[in-house]
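Trainee: Just passing along the structure, written as structure tokens.
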Amino acid sequence: MPLRVIVAEDAVLLREGLVGLLQRFGHTTIAAVGDADALIEAVHTEQPDLIVTDVRMPPSNSDDGLRAAVTLRRAYPRLPVVVLSQYVEQSYAIRLLDSDGGDSVGYLLKERIGAVSDFMTTLDRVAHGGTVVDPEVIHQLVRLRQDPLERLSAREKEVLSLMAQGRSNASLAAELFISDAAVNKHIGNIFTKLDLPVDVDGHRRVLAVLRFLQA
């Protein structure tokens, strides 16, 4: 059945491409907008059958599109939404997929649009109550939801526990009867396995301890 669709995408070429694709398959784009505020206003006005929205868009150029989708799903339960993204934003992605039992939700990486037939089938499934989640999105969300400390070896957990006590590297080496080089290697592994951002290298020791205390 033809769908009345709202497209939200700040990249003009992609937005127009989606509009053309929908028209080609017999659907009607009732609004094509470039920011999250316009998306919310269009949904209130038009009451669409389906929303197709980007994650990253104005006004803040962060995850505004995804947050707007979560807000709209609260206002209009089971409003069909397909989110397109180049990355996975953990907290709001989980909220979206958890809303209304996950019915009428799709979360796809943008590269999937190129498989036109599959993409259009996804839109139809979501519009009719189904749930479609990109396999890579599932993989990343499962990884993010796991206890990060489970990635650490027994020795790395020992090192992190001593770090939480404020022990220096030399003290760690003496306590565990290992070399300073081994301590540095374990600490580096801890930083990597906990996915601590490299741009705050001077604070990663503190962040690692916080992860330990929060676990």
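Lettering and numbering for the structure tokens are positional, with chains as A, B, ... in the shown order, residues counted from 1 in each chain, and ligands counted from 1 in the shown order.
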Residues near region 58-62 of chain A, anyone? I mean within 8 Å using only C-alpha atoms, not counting same-chain ones fewer than 3 positions away, as a PyMOL selection string.
Mentor: chain A and resi 10+34-37+55
Trainee: Store the residues picked out above, limited to C-alpha atoms, as an mmCIF file, in the first residue's frame.
Mentor:
data_model
loop_
_atom_site.group_PDB
_atom_site.id
_atom_site.type_symbol
_atom_site.label_atom_id
_atom_site.label_comp_id
_atom_site.auth_asym_id
_atom_site.auth_seq_id
_atom_site.Cartn_x
_atom_site.Cartn_y
_atom_site.Cartn_z
ATOM 1 C CA ASP A 10 20.013 17.605 6.370
ATOM 2 C CA GLY A 34 16.425 19.284 7.143
ATOM 3 C CA ASP A 35 16.364 19.595 10.933
ATOM 4 C CA ALA A 36 14.861 17.948 13.991
ATOM 5 C CA ASP A 37 12.581 20.840 14.937
ATOM 6 C CA VAL A 55 20.457 10.640 13.355
#
Trainee: Per residue of region 14-51 of chain A within 10 Å of region 81-103 of chain A, record the nearest atom pair and its distance in Å to one decimal, counting only C-alpha atoms, with rows in chain order and ascending residue number, as JSON lines.
Mentor:
{"residue": "A:Asp49", "atom": "CA", "partner": "A:Val81", "partner_atom": "CA", "distance": 9.1}
{"residue": "A:Leu50", "atom": "CA", "partner": "A:Val81", "partner_atom": "CA", "distance": 5.8}
{"residue": "A:Ile51", "atom": "CA", "partner": "A:Val81", "partner_atom": "CA", "distance": 4.7}
Trainee: Which is closer to Val132 (chain A) than all the others in A:Pro2, A:Gly106, A:Gly114, A:Pro148, using only C-alpha atoms?
Mentor: A:Gly106
Trainee: List every residue of chain A that DSSP, applied to the backbone of this structure, assigns to strand (DSSP E or B), and report them as a PyMOL selection string.
Mentor: chain A and resi 4-8+28-33+50-54+81-85+105-109+131-133
Trainee: Find the spatial neighbours of Leu39 (chain A), counting only C-alpha atoms, within a cut-off of 12 Å - ignore same-chain residues fewer than 6 positions away - and output them as a ChimeraX atom specification.
Mentor: /A:5-10,30-33,45-48,50-55,57-59,64-69,71-72,81
Trainee: Tell me which of A:Asp124, A:Glu158, A:Asp180, A:Glu150 sits closest to Arg4 (chain A), counting only C-alpha atoms.
Mentor: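 That would be A:Asp124, the residue with the smallest distance to Arg4 (chain A).
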Trainee: Using only C-alpha atoms, which protein or nucleic acid residues come within 7 Å of Ser104 (chain A)? Drop anything in the same chain fewer than 2 positions from it, and give the result as a ChimeraX atom specification.
Mentor: /A:78-81,102,106,126-131
Trainee: So which residues touch region 186-195 of chain A within 10 Å, counting only C-alpha atoms, skipping near sequence neighbours fewer than 4 positions away, as a count of residues only?
Mentor: 26
Trainee: One decimal, Å: what's the distance from CA of Lys110 (chain A) over to CA of Leu21 (chain A), could you say?
Mentor: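 Interatomic distance, CA of Lys110 (chain A) to CA of Leu21 (chain A): 14.2 Å.
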Trainee: I'd like the interatomic distance between CA of Ala164 (chain A) and CA of Val206 (chain A), to a tenth of an Å.
Mentor: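 Distance reported for this atom pair: 8.4 Å.
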Trainee: Could you tell me how far CA of Asn184 (chain A) sits from CA of Leu172 (chain A), in Å to one decimal place?
Mentor: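 Result for CA of Leu172 (chain A) versus CA of Asn184 (chain A): 9.9 Å, one decimal.
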